[in-house]
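Data first, discussion second: the structure below is written as structure tokens.
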Amino acid sequence: LSSEESERMLTQLNGFFDVVEQMRAVDTAGIEPLSHPVAAIQDVALRLRDDVVSEPNQREANQQSAPAVERGLFLVPKVIE
Amino acid sequence: MSAALHELTVAELAAKLRDKEVSAVEAAQHFLARGKQHESLGAYLDVREDVTLAQAQAADARIAAGDTAPLLGVPIAHKDIFVTKDFVSTAGSKMLAGYRSPFNATVVDKLSQAGAVTLGKLNCDEFAMGSANENSAFKPARNPWDTSRIPGGSSGGSAAAVAARLAPAVTGTDTGGSIRQPAGFCGITGIKPTYGRASRYGMIAFASSLDQAGPMARTAEDCALLLSAMCGPDADRDSTSLDVPAEDFTRSLNDGIEGLRIGIPQEFFGEGLSADVRAAVDGALKQYEKLGAKLVPISLPRTQLSIPVYYIIAPAEASSNLSRFDGVKFGHRADKYTDLLDMYKKTRAEGLRRRSQAPHHDRHLCAEPRLLRRLLPAGAEDPPHDRRRLPASLQAV
């Protein structure tokens, strides 16, 4: 970041803390977390699906946009010396 | 006759297609030509005539076979947030330049099943974060009513395409106003449906608990036609999709609004509302009253918390969602790096646009702050993945 950018960023981040303060001021005692965004207005039953394989093997299609692939494996830089 | 094809609504065009007054190929060619003619609006990011015409031919074959799907042969276009097999899917980001998805978004498939023909992919702010379409990594989209102005965003290319009659209807996505605001800026109609009605499968995620797909068109009827095709449960693919069956949203269009009660939240008419917006809203309310609706003043006292809450939820979810762009499995990877951590950092620095230079007119209700600011508070400085532990034999590069 350039110094002008960092300064602007600092102002924005401080603004963000004001936002946090506004929310801190609210009494949220007894408010249950939502399991679904619509659960506040209607009952939403969360689903389970059968524990079975549903997707076919599409390795080639899934790797066609990968930056680096060899023998069907994604390549990454060496991480162990 | 074909000169006026682009002035028809979806409903009118679908009727002409059904009656074989015009073929799907003719309609597709007409809109492709218009798109080319108005390229300077920056509405489209990817157009493939061969794909569009093949889809149109298939639609004509369905029409000839007596198929009566509601949108058969109607050309539409998708916001480049929906992944598509046959067009590039970028989310307006260099990170996904040239990316080809192995599958279609559910919404894309549903509209194809309803008979729609795809004209191409529409410009938007990077990862749908922005409200001016100036944060597209490729080019800004312009407002066709005055090309020196923004079309709004993030579905800015979508709104510009409909307003300029480059497509009769399009898809958009809305997290914090990204359908509604550009629809307003371009003088068209758009709707963000209730969360969970349209599947998010194949929608490149920004804030997963807020993102919703919706239609944008010139009339409420056209939006209803598209929405009817877009909505419906997608239990196996989107765990948040609601278990509510698809329905015909056109069914009440001509019922009138006599006796309808419209709540007017007082908090929406407070500080910061400009006089011309107020006058326009008041004008609309008077019209509703004239048509027999009853206006009921109501209060939504927590409204003022919605923006602070949005500014926590949206950046936190965006931070999670964008961590997948690490240069490993798809998308951009930096050319030069020293190790894995350096690869993550350079890949993300190059692929995700730095937002702090961009202009500053998206501060308020529809505003979506910029990418960098969005990631920082939620801690995206951490590397996107844990260091991978792979057997030495599998390591390379």
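Chain labels follow the order of the structure tokens: the first chain is A, the next B, and so on; residue numbering restarts at 1 in every chain, and ligands are counted from 1 in their shown order.
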Would you mind listing, for every residue of chain A within 6 Å of chain B, the two atoms forming the shortest contact and the distance between them in Å to one decimal, using only C-alpha atoms, sorted by chain and ascending residue number, as a Markdown table?
```
| residue | atom | partner | partner_atom | distance |
| --- | --- | --- | --- | --- |
| A:Val19 | CA | B:Pro308 | CA | 5.2 |
| A:Ala61 | CA | B:Pro102 | CA | 5.4 |
| A:Asn62 | CA | B:Pro102 | CA | 5.9 |
| A:Ser65 | CA | B:Phe330 | CA | 5.1 |
| A:Ala66 | CA | B:Phe330 | CA | 4.1 |
| A:Leu75 | CA | B:Ala396 | CA | 5.9 |
| A:Pro77 | CA | B:Val397 | CA | 5.1 |
| A:Lys78 | CA | B:Gln395 | CA | 5.3 |
```
Could you dump the residues just selected with N, CA and C atoms as a compact mmCIF listing (two decimals), in the first residue's frame?
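Final output, saved to result29.txt:
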```
# COMPACT_ATOMS: atom_id res chain seq x y z
N VAL A 19 -18.65 1.16 13.75
CA VAL A 19 -19.75 0.25 13.43
C VAL A 19 -19.86 -0.82 14.51
N ALA A 61 -12.62 -32.90 -16.11
CA ALA A 61 -13.39 -31.67 -16.24
C ALA A 61 -13.07 -30.73 -15.07
N ASN A 62 -12.93 -31.30 -13.89
CA ASN A 62 -12.67 -30.46 -12.72
C ASN A 62 -11.26 -29.87 -12.73
N SER A 65 -9.31 -26.23 -15.53
CA SER A 65 -8.91 -24.85 -15.26
C SER A 65 -7.86 -24.76 -14.16
N ALA A 66 -7.22 -25.86 -13.82
CA ALA A 66 -6.20 -25.83 -12.76
C ALA A 66 -4.90 -25.25 -13.30
N LEU A 75 -0.62 -29.62 -8.59
CA LEU A 75 0.77 -29.38 -8.17
C LEU A 75 0.87 -28.09 -7.37
N PRO A 77 3.91 -25.72 -4.83
CA PRO A 77 5.34 -25.65 -4.53
C PRO A 77 5.69 -26.60 -3.37
N LYS A 78 6.91 -27.03 -3.37
CA LYS A 78 7.38 -27.95 -2.34
C LYS A 78 7.19 -27.32 -0.95
```
Checklist entry - Near range 177-185 of chain B, counting only C-alpha atoms, which residues have an atom at most 7 Å away, once you skip same-chain residues fewer than 6 positions from it, shown as a PyMOL selection string? => result chain B and resi 131+151-156+159+191-192+366
Checklist entry - Separation of CA of Ala318 in chain B and CA of Val69 in chain A, in Å? => result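 Between CA of Ala318 in chain B and CA of Val69 in chain A the gap works out to 27.5 Å.
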Item to check | Length of the CA of Lys94 in chain B to CA of Leu352 in chain B vector [Å] | outcome: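 According to the coordinates, CA of Lys94 in chain B and CA of Leu352 in chain B are separated by 6.8 Å.
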Item to check | Asp146 in chain B environment, 12 Å, only C-alpha atoms, sequence neighbours closer than 4 positions dropped, as a ChimeraX atom specification | outcome: /B:41,141-142,150-151,160,163-164,185-187
Next on the checklist: Could you tell me how far CA of Pro315 in chain B sits from CA of Ala349 in chain B, in Å to one decimal place?
Outcome noted: 17.9 Å
Helix (DSSP H, G or I) positions in range 41-118 of chain B, given as a tab-separated table (two decimals) with all heavy atoms, in the first residue's frame:
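selection_2.tsv was written with the following content:
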```tsv
chain	number	residue	atom	x	y	z
B	41	LEU	N	-21.02	0.01	-24.36
B	41	LEU	CA	-21.67	0.09	-23.05
B	41	LEU	C	-20.98	-0.81	-22.03
B	41	LEU	O	-21.20	-0.67	-20.82
B	41	LEU	CB	-23.14	-0.33	-23.15
B	41	LEU	CG	-24.10	0.65	-23.83
B	41	LEU	CD1	-25.47	0.00	-23.99
B	41	LEU	CD2	-24.20	1.94	-23.02
B	49	GLU	N	-21.24	-16.50	-30.31
B	49	GLU	CA	-22.36	-16.62	-31.25
B	49	GLU	C	-22.70	-18.07	-31.56
B	49	GLU	O	-23.87	-18.43	-31.64
B	49	GLU	CB	-22.03	-15.89	-32.55
B	49	GLU	CG	-22.11	-14.39	-32.41
B	49	GLU	CD	-22.13	-13.67	-33.75
B	49	GLU	OE1	-22.35	-14.32	-34.79
B	49	GLU	OE2	-21.92	-12.44	-33.74
B	50	ASP	N	-21.65	-18.91	-31.72
B	50	ASP	CA	-21.91	-20.30	-32.09
B	50	ASP	C	-22.71	-21.01	-31.01
B	50	ASP	O	-23.65	-21.75	-31.30
B	50	ASP	CB	-20.59	-21.03	-32.38
B	50	ASP	CG	-19.57	-20.88	-31.25
B	50	ASP	OD1	-19.65	-19.88	-30.51
B	50	ASP	OD2	-18.73	-21.77	-31.08
B	51	VAL	N	-22.38	-20.75	-29.74
B	51	VAL	CA	-23.10	-21.38	-28.63
B	51	VAL	C	-24.55	-20.90	-28.61
B	51	VAL	O	-25.50	-21.68	-28.52
B	51	VAL	CB	-22.42	-21.05	-27.28
B	51	VAL	CG1	-23.27	-21.53	-26.11
B	51	VAL	CG2	-21.03	-21.66	-27.22
B	52	THR	N	-24.72	-19.58	-28.73
B	52	THR	CA	-26.07	-18.99	-28.69
B	52	THR	C	-26.93	-19.53	-29.84
B	52	THR	O	-28.08	-19.91	-29.63
B	52	THR	CB	-25.98	-17.45	-28.78
B	52	THR	OG1	-25.17	-16.99	-27.69
B	52	THR	CG2	-27.35	-16.81	-28.71
B	53	LEU	N	-26.35	-19.56	-31.04
B	53	LEU	CA	-27.14	-20.00	-32.18
B	53	LEU	C	-27.49	-21.49	-32.09
B	53	LEU	O	-28.58	-21.89	-32.48
B	53	LEU	CB	-26.42	-19.67	-33.49
B	53	LEU	CG	-26.33	-18.15	-33.76
B	53	LEU	CD1	-25.53	-17.86	-35.01
B	53	LEU	CD2	-27.73	-17.51	-33.86
B	54	ALA	N	-26.57	-22.29	-31.55
B	54	ALA	CA	-26.87	-23.72	-31.36
B	54	ALA	C	-28.03	-23.87	-30.38
B	54	ALA	O	-28.94	-24.69	-30.59
B	54	ALA	CB	-25.63	-24.46	-30.87
B	55	GLN	N	-28.02	-23.08	-29.30
B	55	GLN	CA	-29.13	-23.14	-28.33
B	55	GLN	C	-30.44	-22.69	-28.99
B	55	GLN	O	-31.51	-23.26	-28.73
B	55	GLN	CB	-28.84	-22.25	-27.12
B	55	GLN	CG	-27.73	-22.77	-26.21
B	55	GLN	CD	-27.56	-21.89	-24.97
B	55	GLN	OE1	-28.38	-21.02	-24.70
B	55	GLN	NE2	-26.51	-22.15	-24.21
B	56	ALA	N	-30.35	-21.67	-29.85
B	56	ALA	CA	-31.55	-21.16	-30.52
B	56	ALA	C	-32.11	-22.21	-31.47
B	56	ALA	O	-33.33	-22.40	-31.56
B	56	ALA	CB	-31.22	-19.86	-31.26
B	57	GLN	N	-31.20	-22.90	-32.18
B	57	GLN	CA	-31.67	-23.97	-33.08
B	57	GLN	C	-32.38	-25.06	-32.29
B	57	GLN	O	-33.42	-25.58	-32.72
B	57	GLN	CB	-30.49	-24.56	-33.86
B	57	GLN	CG	-30.13	-23.72	-35.08
B	57	GLN	CD	-28.70	-23.94	-35.56
B	57	GLN	OE1	-28.02	-24.86	-35.08
B	57	GLN	NE2	-28.24	-23.11	-36.48
B	58	ALA	N	-31.81	-25.40	-31.14
B	58	ALA	CA	-32.43	-26.42	-30.29
B	58	ALA	C	-33.81	-25.95	-29.83
B	58	ALA	O	-34.77	-26.74	-29.77
B	58	ALA	CB	-31.54	-26.74	-29.10
B	59	ALA	N	-33.93	-24.65	-29.51
B	59	ALA	CA	-35.23	-24.11	-29.09
B	59	ALA	C	-36.23	-24.18	-30.24
B	59	ALA	O	-37.40	-24.55	-30.04
B	59	ALA	CB	-35.06	-22.67	-28.61
B	60	ASP	N	-35.77	-23.85	-31.45
B	60	ASP	CA	-36.67	-23.94	-32.61
B	60	ASP	C	-37.15	-25.38	-32.82
B	60	ASP	O	-38.32	-25.60	-33.16
B	60	ASP	CB	-35.97	-23.43	-33.87
B	60	ASP	CG	-36.01	-21.90	-33.96
B	60	ASP	OD1	-36.97	-21.30	-33.42
B	60	ASP	OD2	-35.08	-21.31	-34.55
B	61	ALA	N	-36.24	-26.34	-32.59
B	61	ALA	CA	-36.63	-27.75	-32.73
B	61	ALA	C	-37.68	-28.10	-31.69
B	61	ALA	O	-38.65	-28.82	-31.98
B	61	ALA	CB	-35.40	-28.65	-32.59
B	62	ARG	N	-37.51	-27.58	-30.45
B	62	ARG	CA	-38.52	-27.85	-29.41
B	62	ARG	C	-39.86	-27.24	-29.79
B	62	ARG	O	-40.92	-27.84	-29.57
B	62	ARG	CB	-38.05	-27.29	-28.06
B	62	ARG	CG	-37.03	-28.19	-27.34
B	62	ARG	CD	-36.43	-27.52	-26.11
B	62	ARG	NE	-37.36	-27.41	-24.99
B	62	ARG	CZ	-37.02	-26.86	-23.81
B	62	ARG	NH1	-35.79	-26.41	-23.61
B	62	ARG	NH2	-37.91	-26.79	-22.84
B	63	ILE	N	-39.82	-26.02	-30.33
B	63	ILE	CA	-41.08	-25.36	-30.73
B	63	ILE	C	-41.76	-26.20	-31.82
B	63	ILE	O	-42.97	-26.47	-31.75
B	63	ILE	CB	-40.81	-23.93	-31.26
B	63	ILE	CG1	-40.28	-23.04	-30.12
B	63	ILE	CG2	-42.08	-23.32	-31.86
B	63	ILE	CD1	-39.72	-21.69	-30.57
B	64	ALA	N	-40.96	-26.65	-32.81
B	64	ALA	CA	-41.51	-27.44	-33.91
B	64	ALA	C	-42.12	-28.74	-33.39
B	64	ALA	O	-43.11	-29.24	-33.93
B	64	ALA	CB	-40.41	-27.74	-34.93
B	94	LYS	N	-9.96	-10.79	-12.38
B	94	LYS	CA	-8.78	-11.36	-13.07
B	94	LYS	C	-8.46	-12.74	-12.50
B	94	LYS	O	-7.87	-13.58	-13.17
B	94	LYS	CB	-7.57	-10.45	-12.87
B	94	LYS	CG	-7.61	-9.18	-13.68
B	94	LYS	CD	-6.52	-9.20	-14.75
B	94	LYS	CE	-6.84	-8.35	-15.96
B	94	LYS	NZ	-7.33	-7.03	-15.72
B	95	MET	N	-8.83	-12.95	-11.25
B	95	MET	CA	-8.56	-14.22	-10.62
B	95	MET	C	-9.16	-15.37	-11.43
B	95	MET	O	-8.63	-16.49	-11.43
B	95	MET	CB	-9.16	-14.20	-9.20
B	95	MET	CG	-8.75	-15.33	-8.31
B	95	MET	SD	-6.98	-15.46	-8.13
B	95	MET	CE	-6.73	-14.80	-6.51
B	96	LEU	N	-10.29	-15.12	-12.10
B	96	LEU	CA	-10.96	-16.17	-12.86
B	96	LEU	C	-10.97	-15.88	-14.37
B	96	LEU	O	-11.81	-16.41	-15.10
B	96	LEU	CB	-12.40	-16.36	-12.36
B	96	LEU	CG	-12.52	-17.02	-10.98
B	96	LEU	CD1	-13.98	-17.01	-10.52
B	96	LEU	CD2	-12.01	-18.45	-11.00
B	106	THR	N	-27.50	-23.98	-11.08
B	106	THR	CA	-28.88	-24.48	-11.15
B	106	THR	C	-29.80	-23.49	-11.86
B	106	THR	O	-30.62	-23.88	-12.69
B	106	THR	CB	-29.42	-24.75	-9.72
B	106	THR	OG1	-28.62	-25.78	-9.13
B	106	THR	CG2	-30.86	-25.20	-9.75
B	107	VAL	N	-29.64	-22.20	-11.54
B	107	VAL	CA	-30.50	-21.17	-12.17
B	107	VAL	C	-30.32	-21.17	-13.69
B	107	VAL	O	-31.28	-21.02	-14.45
B	107	VAL	CB	-30.18	-19.78	-11.55
B	107	VAL	CG1	-30.66	-18.66	-12.45
B	107	VAL	CG2	-30.81	-19.66	-10.16
B	108	VAL	N	-29.08	-21.37	-14.13
B	108	VAL	CA	-28.80	-21.40	-15.57
B	108	VAL	C	-29.51	-22.61	-16.20
B	108	VAL	O	-30.19	-22.48	-17.23
B	108	VAL	CB	-27.27	-21.47	-15.82
B	108	VAL	CG1	-26.96	-21.76	-17.28
B	108	VAL	CG2	-26.60	-20.17	-15.37
B	109	ASP	N	-29.40	-23.77	-15.55
B	109	ASP	CA	-30.05	-24.97	-16.08
B	109	ASP	C	-31.57	-24.83	-16.07
B	109	ASP	O	-32.26	-25.24	-17.01
B	109	ASP	CB	-29.65	-26.20	-15.25
B	109	ASP	CG	-28.33	-26.81	-15.73
B	109	ASP	OD1	-27.91	-26.50	-16.87
B	109	ASP	OD2	-27.72	-27.58	-14.97
B	110	LYS	N	-32.12	-24.24	-15.00
B	110	LYS	CA	-33.57	-24.11	-14.91
B	110	LYS	C	-34.10	-23.20	-16.02
B	110	LYS	O	-35.14	-23.47	-16.62
B	110	LYS	CB	-33.98	-23.55	-13.55
B	110	LYS	CG	-34.06	-24.60	-12.45
B	110	LYS	CD	-34.38	-23.93	-11.13
B	110	LYS	CE	-34.95	-24.88	-10.10
B	110	LYS	NZ	-36.32	-25.33	-10.37
B	111	LEU	N	-33.39	-22.11	-16.29
B	111	LEU	CA	-33.85	-21.20	-17.35
B	111	LEU	C	-33.71	-21.87	-18.72
B	111	LEU	O	-34.54	-21.65	-19.61
B	111	LEU	CB	-33.10	-19.87	-17.27
B	111	LEU	CG	-33.59	-18.96	-16.14
B	111	LEU	CD1	-32.63	-17.82	-15.86
B	111	LEU	CD2	-34.99	-18.39	-16.46
B	112	SER	N	-32.67	-22.71	-18.89
B	112	SER	CA	-32.54	-23.44	-20.16
B	112	SER	C	-33.70	-24.42	-20.32
B	112	SER	O	-34.26	-24.56	-21.40
B	112	SER	CB	-31.23	-24.23	-20.21
B	112	SER	OG	-30.14	-23.35	-20.16
B	113	GLN	N	-34.05	-25.11	-19.22
B	113	GLN	CA	-35.17	-26.05	-19.30
B	113	GLN	C	-36.46	-25.32	-19.66
B	113	GLN	O	-37.29	-25.85	-20.39
B	113	GLN	CB	-35.36	-26.78	-17.97
B	113	GLN	CG	-34.39	-27.93	-17.79
B	113	GLN	CD	-34.10	-28.22	-16.33
B	113	GLN	OE1	-34.89	-27.88	-15.44
B	113	GLN	NE2	-32.95	-28.85	-16.08
```
